[in-house]
>>> print(open('work.txt').read())   # compact mmCIF, C-alpha atoms
# COMPACT_ATOMS: atom_id res chain seq x y z
CA MET A 18 -18.52 10.94 11.40
CA VAL A 19 -16.75 8.60 9.02
CA LYS A 20 -15.72 4.97 9.50
CA VAL A 21 -12.44 4.19 7.72
CA LEU A 22 -10.98 0.90 6.53
CA VAL A 23 -7.26 1.10 5.84
CA GLY A 24 -5.14 -1.50 4.07
CA VAL A 25 -1.97 -2.80 5.71
CA LYS A 26 0.41 -5.07 3.80
CA ARG A 27 3.45 -6.90 5.15
CA VAL A 28 6.38 -6.61 2.74
CA VAL A 29 10.14 -7.12 2.72
CA ASP A 30 11.65 -4.03 4.35
CA TYR A 31 12.63 -1.34 1.86
CA ALA A 32 16.22 -1.32 3.17
CA VAL A 33 16.80 -5.04 2.50
CA LYS A 34 18.83 -6.02 -0.56
CA ILE A 35 16.56 -8.32 -2.53
CA ARG A 36 17.97 -11.71 -3.58
CA VAL A 37 16.41 -14.09 -6.09
CA ARG A 38 15.70 -17.62 -4.88
CA PRO A 39 17.75 -20.47 -6.37
CA ASP A 40 14.63 -21.85 -8.11
CA LYS A 41 14.12 -18.48 -9.89
CA LEU A 42 10.43 -18.42 -8.90
CA GLY A 43 10.56 -15.63 -6.31
CA VAL A 44 12.77 -13.73 -3.90
CA GLU A 45 14.37 -14.89 -0.68
CA THR A 46 12.16 -14.31 2.36
CA ALA A 47 13.84 -16.57 4.93
CA ASN A 48 15.60 -14.64 7.70
CA VAL A 49 14.67 -11.36 6.01
CA LYS A 50 13.28 -8.31 7.81
CA PHE A 51 9.65 -7.46 7.02
CA SER A 52 7.77 -4.25 7.73
CA MET A 53 4.64 -2.35 6.74
CA ASN A 54 4.47 -1.28 3.12
CA PRO A 55 5.62 2.39 3.16
CA PHE A 56 2.61 3.61 1.16
CA ASP A 57 0.32 1.83 3.62
CA GLU A 58 2.05 3.67 6.46
CA ILE A 59 1.06 6.89 4.72
CA ALA A 60 -2.52 5.63 4.38
CA VAL A 61 -2.66 4.76 8.10
CA GLU A 62 -1.21 8.15 9.03
CA GLU A 63 -3.82 9.98 6.94
CA ALA A 64 -6.66 8.05 8.59
CA VAL A 65 -5.25 8.82 12.05
CA ARG A 66 -4.91 12.53 11.22
CA MET A 67 -8.51 12.61 10.01
CA LYS A 68 -9.60 11.06 13.31
CA GLU A 69 -7.56 13.59 15.29
CA LYS A 70 -9.41 16.37 13.43
CA GLY A 71 -12.74 14.86 14.46
CA TYR A 72 -13.84 13.62 11.03
CA VAL A 73 -13.43 9.90 11.76
CA LYS A 74 -15.06 7.83 14.49
CA GLU A 75 -13.25 4.51 13.94
CA ILE A 76 -10.28 3.19 11.98
CA ILE A 77 -10.13 -0.50 11.05
CA GLY A 78 -6.92 -2.06 9.75
CA LEU A 79 -7.14 -4.91 7.24
CA SER A 80 -4.32 -7.19 6.15
CA VAL A 81 -4.41 -10.20 3.84
CA GLY A 82 -1.45 -12.50 4.34
CA PRO A 83 0.34 -15.01 6.56
CA LYS A 84 0.16 -15.23 10.34
CA GLN A 85 3.08 -12.80 10.67
CA SER A 86 0.88 -10.07 9.21
CA GLN A 87 -0.50 -9.59 12.70
CA GLU A 88 2.81 -8.01 13.71
CA THR A 89 2.30 -5.41 10.97
CA LEU A 90 -1.26 -4.80 12.13
CA ARG A 91 0.06 -4.22 15.67
CA THR A 92 2.32 -1.52 14.24
CA ALA A 93 -0.69 0.10 12.56
CA MET A 94 -2.62 -0.01 15.82
CA ALA A 95 0.34 1.55 17.63
CA MET A 96 0.08 4.41 15.12
CA GLY A 97 -3.60 4.89 15.94
CA VAL A 98 -5.74 2.21 14.25
CA ASP A 99 -8.55 1.15 16.63
CA ARG A 100 -8.96 -2.52 15.70
CA SER A 101 -7.86 -4.89 12.97
CA ILE A 102 -8.98 -7.73 10.75
CA HIS A 103 -6.51 -10.32 9.50
CA VAL A 104 -7.53 -12.49 6.57
CA GLU A 105 -5.02 -15.30 6.92
CA THR A 106 -3.51 -17.05 3.91
CA ASP A 107 -0.07 -18.25 2.92
CA LYS A 108 -0.83 -17.80 -0.78
CA ASP A 109 0.51 -14.86 -2.76
CA LEU A 110 -2.67 -13.25 -4.06
CA VAL A 111 -2.87 -11.15 -7.21
CA PRO A 112 -4.38 -7.63 -6.86
CA LEU A 113 -7.81 -8.66 -8.17
CA SER A 114 -8.05 -11.38 -5.52
CA VAL A 115 -7.01 -8.93 -2.81
CA ALA A 116 -9.61 -6.46 -4.05
CA LYS A 117 -12.31 -9.16 -3.86
CA VAL A 118 -11.31 -9.97 -0.27
CA PHE A 119 -11.40 -6.27 0.63
CA LYS A 120 -14.86 -5.95 -0.94
CA ALA A 121 -16.15 -8.82 1.18
CA ILE A 122 -14.88 -7.12 4.34
CA VAL A 123 -16.26 -3.75 3.21
CA ASP A 124 -19.68 -5.34 2.67
CA LYS A 125 -19.55 -6.63 6.24
CA GLU A 126 -18.03 -3.64 8.06
CA LYS A 127 -19.81 -0.88 6.06
CA PRO A 128 -17.06 1.77 6.16
CA ASN A 129 -17.61 5.16 4.47
CA LEU A 130 -14.03 5.41 3.27
CA VAL A 131 -11.27 2.98 2.26
CA ILE A 132 -7.68 4.27 2.20
CA LEU A 133 -4.94 2.15 0.63
CA GLY A 134 -1.33 2.77 -0.27
CA LYS A 135 -1.11 3.48 -4.00
CA GLN A 136 1.09 0.41 -4.48
CA ALA A 137 3.10 -2.19 -2.58
CA ILE A 138 6.88 -2.09 -2.92
CA ASP A 139 7.11 -5.86 -3.44
CA ASP A 140 5.07 -6.20 -6.65
CA ASP A 141 4.54 -2.49 -7.57
CA SER A 142 1.19 -3.41 -9.11
CA ASN A 143 -0.74 -0.21 -8.31
CA GLN A 144 -4.04 -1.97 -9.05
CA THR A 145 -5.87 -2.93 -5.85
CA ALA A 146 -7.44 0.46 -5.06
CA GLN A 147 -8.77 0.90 -8.59
CA MET A 148 -10.11 -2.66 -8.75
CA LEU A 149 -11.75 -2.34 -5.33
CA ALA A 150 -13.50 0.89 -6.36
CA ALA A 151 -14.78 -0.81 -9.51
CA LEU A 152 -16.06 -3.85 -7.59
CA LEU A 153 -17.83 -1.63 -5.05
CA GLY A 154 -19.13 0.86 -7.60
CA TRP A 155 -17.60 3.68 -5.52
CA PRO A 156 -15.79 6.80 -6.74
CA GLN A 157 -12.01 6.66 -6.53
CA ALA A 158 -9.31 9.24 -5.84
CA VAL A 159 -5.95 7.61 -6.48
CA PHE A 160 -2.41 9.03 -6.15
CA ALA A 161 -3.64 11.44 -3.47
CA SER A 162 -1.12 14.02 -2.25
CA LYS A 163 -3.67 16.03 -0.23
CA VAL A 164 -7.08 15.09 1.20
CA GLU A 165 -9.56 17.63 2.58
CA VAL A 166 -12.94 16.85 4.09
CA ILE A 167 -15.83 19.06 2.95
CA GLU A 168 -18.12 18.47 5.93
CA ALA A 169 -21.13 20.41 4.64
CA ASP A 170 -21.37 18.29 1.48
CA GLY A 171 -20.08 14.97 2.78
CA LYS A 172 -17.38 15.01 0.13
CA LEU A 173 -13.62 14.76 -0.12
CA LYS A 174 -11.50 17.28 -2.00
CA VAL A 175 -8.45 15.38 -3.21
CA THR A 176 -5.31 16.69 -4.88
CA ARG A 177 -3.88 14.01 -7.17
CA GLU A 178 -0.40 13.64 -8.58
CA VAL A 179 -0.66 13.08 -12.33
CA ASP A 180 1.87 13.07 -15.19
CA GLY A 181 1.22 16.72 -16.05
CA GLY A 182 1.39 18.01 -12.46
CA LEU A 183 -1.52 18.15 -10.00
CA GLU A 184 -5.24 17.54 -10.43
CA VAL A 185 -7.90 18.53 -7.87
CA ILE A 186 -11.13 16.53 -7.77
CA GLN A 187 -14.11 16.09 -5.46
CA VAL A 188 -15.60 12.69 -4.66
CA ASN A 189 -18.72 11.71 -2.79
CA LEU A 190 -18.54 9.30 0.10
CA PRO A 191 -18.33 6.35 0.26
CA ALA A 192 -15.10 6.36 -1.74
CA VAL A 193 -11.73 4.68 -2.22
CA VAL A 194 -8.54 6.75 -1.83
CA SER A 195 -4.97 5.63 -2.53
CA ALA A 196 -2.11 7.45 -0.81
CA ASP A 197 0.84 8.84 -2.73
CA LEU A 198 4.28 9.54 -1.32
CA ARG A 199 3.79 13.24 -0.55
CA LEU A 200 0.43 12.92 1.22
CA ASN A 201 2.07 13.04 4.66
CA GLU A 202 5.02 11.88 6.74
CA PRO A 203 4.04 8.92 8.96
CA ARG A 204 4.66 9.19 12.67
CA PHE A 205 6.81 6.83 14.69
CA ALA A 206 4.92 4.64 17.12
CA THR A 207 5.79 5.60 20.69
CA LEU A 208 6.49 2.98 23.35
CA PRO A 209 3.27 3.69 25.31
CA ASN A 210 1.23 3.31 22.12
CA ILE A 211 3.07 0.11 21.22
CA MET A 212 2.08 -1.30 24.62
CA LYS A 213 -1.55 -0.14 24.16
CA ALA A 214 -1.65 -1.78 20.72
CA LYS A 215 -1.03 -5.18 22.30
CA LYS A 216 -4.46 -4.93 23.95
CA LYS A 217 -6.34 -3.84 20.82
CA PRO A 218 -8.36 -6.59 19.12
CA ILE A 219 -7.37 -8.45 15.95
CA VAL A 220 -10.00 -10.72 14.40
CA THR A 221 -8.45 -13.49 12.29
CA ILE A 222 -10.48 -14.94 9.42
CA PRO A 223 -9.12 -17.85 7.35
CA LEU A 224 -9.29 -16.96 3.66
CA PRO A 225 -11.76 -19.77 2.76
CA GLU A 226 -14.23 -18.36 5.32
CA VAL A 227 -14.34 -14.94 3.65
CA GLY A 228 -16.67 -16.43 1.05
CA VAL A 229 -15.12 -15.23 -2.19
CA GLN A 230 -14.19 -17.31 -5.22
CA LEU A 231 -10.58 -16.66 -6.21
CA LYS A 232 -8.67 -17.81 -9.28
CA ASP A 233 -4.95 -17.86 -10.00
CA HIS A 234 -4.88 -15.40 -12.89
CA LEU A 235 -1.11 -15.22 -13.09
CA GLU A 236 1.72 -17.75 -13.04
CA VAL A 237 5.30 -16.78 -12.27
CA LEU A 238 7.52 -18.38 -14.88
CA LYS A 239 10.85 -16.92 -13.88
CA VAL A 240 12.33 -14.21 -11.66
CA VAL A 241 15.73 -12.77 -12.57
CA GLU A 242 17.86 -9.98 -11.21
CA PRO A 243 18.19 -6.87 -13.39
CA PRO A 244 21.32 -6.80 -15.59
CA VAL A 245 24.39 -5.16 -14.12
CA ARG A 246 24.79 -1.65 -15.47
CA PRO A 247 28.21 -0.85 -16.97
CA PRO A 248 30.16 1.87 -15.14
CA GLY A 249 29.92 5.43 -16.35
CA ILE A 250 32.79 7.42 -17.84
CA LYS A 251 34.00 10.99 -17.47
CA VAL A 252 34.64 13.22 -20.47
CA GLU A 253 36.92 16.26 -20.62
CA SER A 254 34.88 18.45 -22.96
CA VAL A 255 31.56 18.93 -24.76
CA ASP A 256 33.17 17.84 -28.01
CA GLU A 257 34.24 14.56 -26.44
CA LEU A 258 30.73 14.08 -25.03
CA VAL A 259 29.18 14.59 -28.45
CA LYS A 260 31.69 12.17 -29.97
CA LYS A 261 30.89 9.48 -27.39
CA LEU A 262 27.15 9.90 -27.91
CA LYS A 263 27.58 9.55 -31.66
CA GLU A 264 29.65 6.40 -31.18
CA LYS A 265 26.81 4.95 -29.10
CA GLY A 266 24.30 5.87 -31.78
CA LEU A 267 22.49 8.27 -29.43
CA LEU A 268 22.91 11.31 -31.65
>>> encode(input="work.txt", output="structure tokens")
Amino acid sequence: MVKVLVGVKRVVDYAVKIRVRPDKLGVETANVKFSMNPFDEIAVEEAVRMKEKGYVKEIIGLSVGPKQSQETLRTAMAMGVDRSIHVETDKDLVPLSVAKVFKAIVDKEKPNLVILGKQAIDDDSNQTAQMLAALLGWPQAVFASKVEVIEADGKLKVTREVDGGLEVIQVNLPAVVSADLRLNEPRFATLPNIMKAKKKPIVTIPLPEVGVQLKDHLEVLKVVEPPVRPPGIKVESVDELVKKLKEKGLL
């Protein structure tokens, strides 16, 4: 039976139109809807499905962020996470710092498997899972679109999405897995499970008490909106298309 630690990040909801702050150092977060990072929802769903199949004995949710992150952890617990740990900080941490915090919790909780979303939709870094695996010295299976448990060998058979198509690998446990978009379709939390989640425990640990030394490796100099794309045009024939492409220097 496997013990799973799953990452849960609070991000601006994917449906919100992002606006740059007046100081050009970030995006507006006041009065904006937040939700669980969609790739983390997939990670939570995969852990819950593994538990439903009898492979997993306990699922622990872990979030690093402000006090409001507890709301996101409650959502994860409504989906099926058993208990949660909230490392509280108001700082925006870079992926390496997040990976170091996760390692400290892994060292304490001793899970056999860590499942993270492959990236967060706010910074799109796609780095934390790989860095965590390196810090732990564990095998990694990132961009997972299918995960199978090989019970006899204590291994995972993971199908990965790569540039050339699909790659199938086997990794020994303990391991780090990052969830890709097509791994599964997360369930909606039902009202009874939402009510049950309110009684599940969340342990809050202030970041300084985690016991890791963190540095600010990056400094945001300026945040700007992408340039407005010019409108497209319609052409009447292939000849006109070729002519337009030549005028643009594309042919």
>>> residues_around(input="work.txt", residues="Val164 of chain A", least_positions_apart="2", cutoff="7 Å", atoms="all atoms listed in the file", output="list in words")
Ala161, Ser162, Val166, Leu173, Lys174, Val175 and Thr176 of chain A
>>> write_last_selection(input="work.txt", atoms="C-alpha atoms", output="PDB file, in the frame of the given file")
ATOM      1  CA  ALA A 161      -3.640  11.440  -3.470  1.00  0.00           C
ATOM      2  CA  SER A 162      -1.120  14.020  -2.250  1.00  0.00           C
ATOM      3  CA  VAL A 166     -12.940  16.850   4.090  1.00  0.00           C
ATOM      4  CA  LEU A 173     -13.620  14.760  -0.120  1.00  0.00           C
ATOM      5  CA  LYS A 174     -11.500  17.280  -2.000  1.00  0.00           C
ATOM      6  CA  VAL A 175      -8.450  15.380  -3.210  1.00  0.00           C
ATOM      7  CA  THR A 176      -5.310  16.690  -4.880  1.00  0.00           C
TER       8      THR A 176
END
>>> atom_distance(input="work.txt", atom1="atom CA of Asn48 of chain A", atom2="atom CA of Ile211 of chain A")
23.6 Å
>>> closest_atom_pairs(input="work.txt", of="segment 33-116 of chain A", to="segment 231-237 of chain A", cutoff="12 Å", atoms="only C-alpha atoms", output="JSON lines")
{"residue": "A:Asp40", "atom": "CA", "partner": "A:Val237", "partner_atom": "CA", "distance": 11.4}
{"residue": "A:Lys41", "atom": "CA", "partner": "A:Val237", "partner_atom": "CA", "distance": 9.3}
{"residue": "A:Leu42", "atom": "CA", "partner": "A:Val237", "partner_atom": "CA", "distance": 6.4}
{"residue": "A:Gly43", "atom": "CA", "partner": "A:Val237", "partner_atom": "CA", "distance": 8.0}
{"residue": "A:Val44", "atom": "CA", "partner": "A:Val237", "partner_atom": "CA", "distance": 11.6}
{"residue": "A:Lys108", "atom": "CA", "partner": "A:Asp233", "partner_atom": "CA", "distance": 10.1}
{"residue": "A:Asp109", "atom": "CA", "partner": "A:Asp233", "partner_atom": "CA", "distance": 9.6}
{"residue": "A:Leu110", "atom": "CA", "partner": "A:Asp233", "partner_atom": "CA", "distance": 7.9}
{"residue": "A:Val111", "atom": "CA", "partner": "A:Leu235", "partner_atom": "CA", "distance": 7.4}
{"residue": "A:Pro112", "atom": "CA", "partner": "A:His234", "partner_atom": "CA", "distance": 9.8}
{"residue": "A:Leu113", "atom": "CA", "partner": "A:Leu231", "partner_atom": "CA", "distance": 8.7}
{"residue": "A:Ser114", "atom": "CA", "partner": "A:Leu231", "partner_atom": "CA", "distance": 5.9}
{"residue": "A:Val115", "atom": "CA", "partner": "A:Leu231", "partner_atom": "CA", "distance": 9.2}
{"residue": "A:Ala116", "atom": "CA", "partner": "A:Leu231", "partner_atom": "CA", "distance": 10.5}
>>> closest_residue(input="work.txt", among="A:Lys239, A:Arg246, A:Lys213, A:Lys74", to="Arg91 of chain A", atoms="all atoms listed in the file")
A:Lys213
>>> closest_residue(input="work.txt", among="A:Asn129, A:Gln144, A:Thr106, A:Thr92", to="Lys20 of chain A", atoms="all atoms listed in the file")
A:Asn129
>>> closest_residue(input="work.txt", among="A:Leu153, A:Val19, A:Gly71, A:Lys84", to="Val123 of chain A", atoms="only C-alpha atoms")
A:Leu153
>>> atom_distance(input="work.txt", atom1="atom CA of Ala121 of chain A", atom2="atom CA of Ser80 of chain A")
12.9 Å
>>> residues_around(input="work.txt", residues="segment 220-225 of chain A", least_positions_apart="3", cutoff="10 Å", atoms="only C-alpha atoms", output="PDB file with C-alpha atoms, in the coordinates of the input")
ATOM      1  CA  LEU A  79      -7.140  -4.910   7.240  1.00  0.00           C
ATOM      2  CA  SER A  80      -4.320  -7.190   6.150  1.00  0.00           C
ATOM      3  CA  VAL A  81      -4.410 -10.200   3.840  1.00  0.00           C
ATOM      4  CA  GLY A  82      -1.450 -12.500   4.340  1.00  0.00           C
ATOM      5  CA  PRO A  83       0.340 -15.010   6.560  1.00  0.00           C
ATOM      6  CA  LYS A  84       0.160 -15.230  10.340  1.00  0.00           C
ATOM      7  CA  GLN A  87      -0.500  -9.590  12.700  1.00  0.00           C
ATOM      8  CA  ARG A 100      -8.960  -2.520  15.700  1.00  0.00           C
ATOM      9  CA  SER A 101      -7.860  -4.890  12.970  1.00  0.00           C
ATOM     10  CA  ILE A 102      -8.980  -7.730  10.750  1.00  0.00           C
ATOM     11  CA  HIS A 103      -6.510 -10.320   9.500  1.00  0.00           C
ATOM     12  CA  VAL A 104      -7.530 -12.490   6.570  1.00  0.00           C
ATOM     13  CA  GLU A 105      -5.020 -15.300   6.920  1.00  0.00           C
ATOM     14  CA  THR A 106      -3.510 -17.050   3.910  1.00  0.00           C
ATOM     15  CA  ASP A 107      -0.070 -18.250   2.920  1.00  0.00           C
ATOM     16  CA  LYS A 108      -0.830 -17.800  -0.780  1.00  0.00           C
ATOM     17  CA  VAL A 118     -11.310  -9.970  -0.270  1.00  0.00           C
ATOM     18  CA  GLY A 228     -16.670 -16.430   1.050  1.00  0.00           C
ATOM     19  CA  VAL A 229     -15.120 -15.230  -2.190  1.00  0.00           C
ATOM     20  CA  GLN A 230     -14.190 -17.310  -5.220  1.00  0.00           C
ATOM     21  CA  LEU A 231     -10.580 -16.660  -6.210  1.00  0.00           C
TER      22      LEU A 231
END
>>> closest_residue(input="work.txt", among="A:Met53, A:Met94, A:Val227, A:Val188", to="Lys117 of chain A", atoms="only C-alpha atoms")
A:Val227
>>> atom_distance(input="work.txt", atom1="atom CA of Ser195 of chain A", atom2="atom CA of Lys215 of chain A")
27.4 Å
>>> closest_residue(input="work.txt", among="A:Lys172, A:Leu152, A:Pro248, A:Ala137", to="Lys120 of chain A", atoms="only C-alpha atoms")
A:Leu152
